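Engineer: Dropping in query31.pdb, which is PDB, C-alpha atoms, pLDDT in the B column:
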ATOM      1  CA  MET A 134       3.967  39.166-129.269  1.00 59.00           C
ATOM      2  CA  LYS A 135       6.018  37.079-126.849  1.00 63.00           C
ATOM      3  CA  HIS A 136       7.129  33.567-127.641  1.00 61.00           C
ATOM      4  CA  ARG A 137       7.127  31.124-124.803  1.00 63.00           C
ATOM      5  CA  ARG A 138       9.774  28.512-124.450  1.00 62.00           C
ATOM      6  CA  LYS A 139       8.642  25.010-123.797  1.00 59.00           C
ATOM      7  CA  ASN A 140       9.499  23.705-120.379  1.00 58.00           C
ATOM      8  CA  THR A 141      11.876  20.821-121.102  1.00 55.00           C
ATOM      9  CA  LYS A 142      13.085  20.353-117.541  1.00 58.00           C
ATOM     10  CA  ASN A 143      10.155  18.186-116.489  1.00 56.00           C
ATOM     11  CA  LYS A 144      10.049  16.181-119.680  1.00 59.00           C
ATOM     12  CA  ALA A 145      10.500  12.468-119.010  1.00 66.00           C
ATOM     13  CA  ARG A 146      13.600  11.014-120.600  1.00 74.00           C
ATOM     14  CA  LYS A 147      13.786   7.571-122.059  1.00 74.00           C
ATOM     15  CA  PRO A 148      15.870   5.233-119.865  1.00 70.00           C
ATOM     16  CA  THR A 149      19.144   3.947-121.249  1.00 78.00           C
ATOM     17  CA  THR A 150      19.581   0.247-121.910  1.00 74.00           C
ATOM     18  CA  GLU A 151      21.705  -0.052-118.777  1.00 76.00           C
ATOM     19  CA  GLN A 152      19.061   1.678-116.644  1.00 76.00           C
ATOM     20  CA  TYR A 153      16.364  -0.558-118.131  1.00 72.00           C
ATOM     21  CA  GLU A 154      18.362  -3.734-117.388  1.00 70.00           C
ATOM     22  CA  ASP A 155      19.108  -2.574-113.834  1.00 74.00           C
ATOM     23  CA  GLY A 156      15.429  -1.919-113.257  1.00 75.00           C
ATOM     24  CA  LEU A 157      14.547  -5.326-114.672  1.00 69.00           C
ATOM     25  CA  ARG A 158      17.084  -7.030-112.382  1.00 67.00           C
ATOM     26  CA  GLN A 159      15.657  -5.248-109.335  1.00 71.00           C
ATOM     27  CA  LYS A 160      12.112  -6.321-110.211  1.00 68.00           C
ATOM     28  CA  LEU A 161      13.183  -9.932-110.719  1.00 61.00           C
ATOM     29  CA  LEU A 162      15.017  -9.989-107.412  1.00 61.00           C
ATOM     30  CA  ALA A 163      11.985  -8.498-105.659  1.00 66.00           C
ATOM     31  CA  HIS A 164       9.805 -11.303-107.037  1.00 63.00           C
ATOM     32  CA  GLU A 165      12.526 -13.920-106.451  1.00 61.00           C
ATOM     33  CA  LEU A 166      12.606 -14.919-110.116  1.00 56.00           C
ATOM     34  CA  PRO A 167      15.849 -16.191-111.664  1.00 56.00           C
ATOM     35  CA  LEU A 168      17.475 -13.592-113.888  1.00 56.00           C
ATOM     36  CA  GLU A 169      18.420 -16.120-116.579  1.00 57.00           C
ATOM     37  CA  ALA A 170      14.733 -16.985-117.037  1.00 55.00           C
ATOM     38  CA  VAL A 171      14.112 -13.562-118.556  1.00 55.00           C
ATOM     39  CA  THR A 172      17.493 -12.674-120.063  1.00 57.00           C
ATOM     40  CA  HIS A 173      18.047 -16.149-121.579  1.00 66.00           C
ATOM     41  CA  ASP A 174      21.631 -16.254-120.317  1.00 77.00           C
ATOM     42  CA  THR A 175      23.375 -19.616-120.481  1.00 84.00           C
ATOM     43  CA  VAL A 176      23.459 -21.458-117.151  1.00 86.00           C
ATOM     44  CA  ILE A 177      26.128 -24.100-116.546  1.00 89.00           C
ATOM     45  CA  THR A 178      25.836 -26.422-113.558  1.00 90.00           C
ATOM     46  CA  CYS A 179      28.653 -28.841-112.729  1.00 92.00           C
ATOM     47  CA  ILE A 180      27.945 -31.953-110.715  1.00 91.00           C
ATOM     48  CA  GLY A 181      31.318 -33.146-109.524  1.00 92.00           C
ATOM     49  CA  ARG A 182      33.708 -33.895-112.376  1.00 92.00           C
ATOM     50  CA  THR A 183      31.371 -36.247-114.191  1.00 94.00           C
ATOM     51  CA  GLU A 184      28.329 -34.183-115.255  1.00 95.00           C
ATOM     52  CA  VAL A 185      27.699 -30.741-116.756  1.00 94.00           C
ATOM     53  CA  TRP A 186      24.163 -29.422-117.198  1.00 93.00           C
ATOM     54  CA  VAL A 187      23.900 -26.581-119.767  1.00 91.00           C
ATOM     55  CA  GLU A 188      20.705 -24.531-120.045  1.00 88.00           C
ATOM     56  CA  ASN A 189      19.747 -21.910-122.641  1.00 85.00           C
ATOM     57  CA  TYR A 190      22.331 -22.860-125.260  1.00 87.00           C
ATOM     58  CA  LYS A 191      21.691 -22.305-128.963  1.00 88.00           C
ATOM     59  CA  ALA A 192      23.446 -25.112-130.841  1.00 88.00           C
ATOM     60  CA  ILE A 193      25.937 -27.965-130.670  1.00 91.00           C
ATOM     61  CA  LEU A 194      28.865 -26.895-132.834  1.00 93.00           C
ATOM     62  CA  GLU A 195      31.174 -29.874-132.346  1.00 94.00           C
ATOM     63  CA  TYR A 196      30.780 -33.211-130.622  1.00 93.00           C
ATOM     64  CA  GLY A 197      33.417 -35.804-129.807  1.00 94.00           C
ATOM     65  CA  GLU A 198      34.679 -38.032-126.996  1.00 95.00           C
ATOM     66  CA  ARG A 199      37.357 -35.494-126.027  1.00 96.00           C
ATOM     67  CA  GLY A 200      35.488 -32.222-126.536  1.00 95.00           C
ATOM     68  CA  ILE A 201      32.079 -30.656-127.022  1.00 95.00           C
ATOM     69  CA  LEU A 202      31.506 -27.101-128.273  1.00 95.00           C
ATOM     70  CA  LEU A 203      28.180 -25.392-127.594  1.00 93.00           C
ATOM     71  CA  GLN A 204      27.059 -22.032-128.994  1.00 90.00           C
ATOM     72  CA  ALA A 205      25.783 -20.043-126.038  1.00 86.00           C
ATOM     73  CA  GLY A 206      24.532 -16.526-126.645  1.00 80.00           C
ATOM     74  CA  SER A 207      27.569 -14.408-127.472  1.00 80.00           C
ATOM     75  CA  CYS A 208      30.228 -17.025-126.688  1.00 86.00           C
ATOM     76  CA  VAL A 209      31.160 -20.661-127.252  1.00 93.00           C
ATOM     77  CA  VAL A 210      31.305 -23.051-124.289  1.00 93.00           C
ATOM     78  CA  CYS A 211      34.088 -25.652-124.605  1.00 95.00           C
ATOM     79  CA  ILE A 212      33.763 -28.788-122.486  1.00 95.00           C
ATOM     80  CA  CYS A 213      36.956 -30.863-122.577  1.00 96.00           C
ATOM     81  CA  GLY A 214      37.608 -34.264-121.091  1.00 96.00           C
ATOM     82  CA  GLU A 215      37.577 -37.980-121.840  1.00 96.00           C
ATOM     83  CA  ARG A 216      34.750 -40.336-122.787  1.00 96.00           C
ATOM     84  CA  LEU A 217      32.324 -37.414-123.109  1.00 96.00           C
ATOM     85  CA  VAL A 218      28.763 -38.175-124.174  1.00 95.00           C
ATOM     86  CA  ILE A 219      25.630 -36.089-124.430  1.00 93.00           C
ATOM     87  CA  SER A 220      23.351 -38.115-122.197  1.00 89.00           C
ATOM     88  CA  HIS A 221      20.353 -35.791-122.221  1.00 87.00           C
ATOM     89  CA  TYR A 222      19.465 -33.592-125.176  1.00 85.00           C
ATOM     90  CA  MET A 223      16.581 -31.134-125.420  1.00 85.00           C
ATOM     91  CA  LYS A 224      16.083 -27.861-127.297  1.00 80.00           C
ATOM     92  CA  GLU A 225      16.804 -25.660-124.259  1.00 81.00           C
ATOM     93  CA  HIS A 226      19.116 -27.824-122.156  1.00 87.00           C
ATOM     94  CA  THR A 227      21.573 -30.660-122.393  1.00 90.00           C
ATOM     95  CA  MET A 228      23.651 -32.838-120.073  1.00 93.00           C
ATOM     96  CA  VAL A 229      27.211 -33.918-120.803  1.00 95.00           C
ATOM     97  CA  ARG A 230      28.684 -36.874-118.919  1.00 95.00           C
ATOM     98  CA  GLY A 231      32.195 -38.282-118.775  1.00 95.00           C
ATOM     99  CA  HIS A 232      35.493 -37.336-117.149  1.00 96.00           C
ATOM    100  CA  ILE A 233      35.340 -33.539-117.350  1.00 95.00           C
ATOM    101  CA  GLN A 234      38.724 -31.833-117.258  1.00 95.00           C
ATOM    102  CA  SER A 235      37.824 -28.235-118.129  1.00 94.00           C
ATOM    103  CA  ILE A 236      35.071 -25.838-119.143  1.00 94.00           C
ATOM    104  CA  THR A 237      36.170 -22.701-120.997  1.00 93.00           C
ATOM    105  CA  TYR A 238      34.574 -19.856-122.919  1.00 90.00           C
ATOM    106  CA  ARG A 239      35.647 -18.440-126.301  1.00 89.00           C
TER     107      ARG A 239
END
For this file, produce the structure as C-alpha cells.
Structural biologist:
Amino acid sequence: MKHRRKNTKNKARKPTTEQYEDGLRQKLLAHELPLEAVTHDTVITCIGRTEVWVENYKAILEYGERGILLQAGSCVVCICGERLVISHYMKEHTMVRGHIQSITYR
C-alpha cells in the first residue's frame, strides 16, 4: 500500500502582520481614505506657532502654562512653550494655543 504525501505547495499561507498592513494601506489609498482613520495613529497639525491640533491621543498626562504632555499611542507628545492653554478638549482631539516653541516625542 502506497502512502501519498499531501501537496503543501499550493496551500495558502497566512499573511504576516507586515503584509497585512501593507495590503490595508494599499486599499485605503485606492479608496482615498486617510490611513490614520483606520490605524488610529496620532495626527498633529500645527497652525503657525500659536496653535497645535492633536487627534487620536489617549490622555493628558501633564498640563501647565509652559508644557503639556499627551499620551499618544506608543509615545508621549511634549508641547513646550509659553502661556499654553487647552482651548478645545474632546475625547478624540484637542487644541493647544499659546506661544509654541517645540513639539517633541518621547
Engineer: Would you translate the PyMOL selection byres ((chain A and resi 204) around 9) into the concrete set of residues it matches in this file, as a list in words?
Structural biologist: Tyr190, Lys191, Ala192, Ile193, Leu194, Leu202, Leu203, Ala205, Gly206, Ser207, Cys208, Val209 and Val210 of chain A
Engineer: Do you have the atom CA of Glu225 of chain A-atom CA of Tyr196 of chain A distance handy?
Structural biologist: 17.1 Å
Engineer: Applied to the shown file, which residues does the PyMOL selection byres ((chain A and resi 223) around 12) return, written as a PyMOL selection string?
Structural biologist: chain A and resi 186-193+219-222+224-229
Engineer: As an exercise, work out the distance from atom CA of Glu151 of chain A to atom CA of Ile236 of chain A in Å and give it to one decimal place.
Structural biologist: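 Atom CA of Ile236 of chain A lies 29.0 Å from atom CA of Glu151 of chain A.
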Engineer: Kindly give the distance, in Å, that separates atom CA of Val176 of chain A and atom CA of Thr149 of chain A, rounded to a single decimal.
Structural biologist: 26.1 Å
Engineer: Tell me which residues the PyMOL selection byres ((chain A and resi 218) around 12) grabs here, as a list in words.
Structural biologist: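 Expected selection for the PyMOL selection byres ((chain A and resi 218) around 12) here is Thr183, Glu184, Val185, Glu195, Tyr196, Gly197, Glu198, Arg199, Gly200, Ile201, Ile212, Cys213, Gly214, Glu215, Arg216, Leu217, Ile219, Ser220, His221, Tyr222, Thr227, Met228, Val229, Arg230, Gly231, His232 and Ile233 of chain A.
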Engineer: May I have the centre and edge lengths, in Å to one decimal, of an axis-aligned box around the listed atoms of segment 171-187 of chain A with 3 Å added to every side, as JSON?
Structural biologist:
{"center_x": 23.9, "center_y": -24.5, "center_z": -115.6, "size_x": 25.6, "size_y": 29.6, "size_z": 18.1}
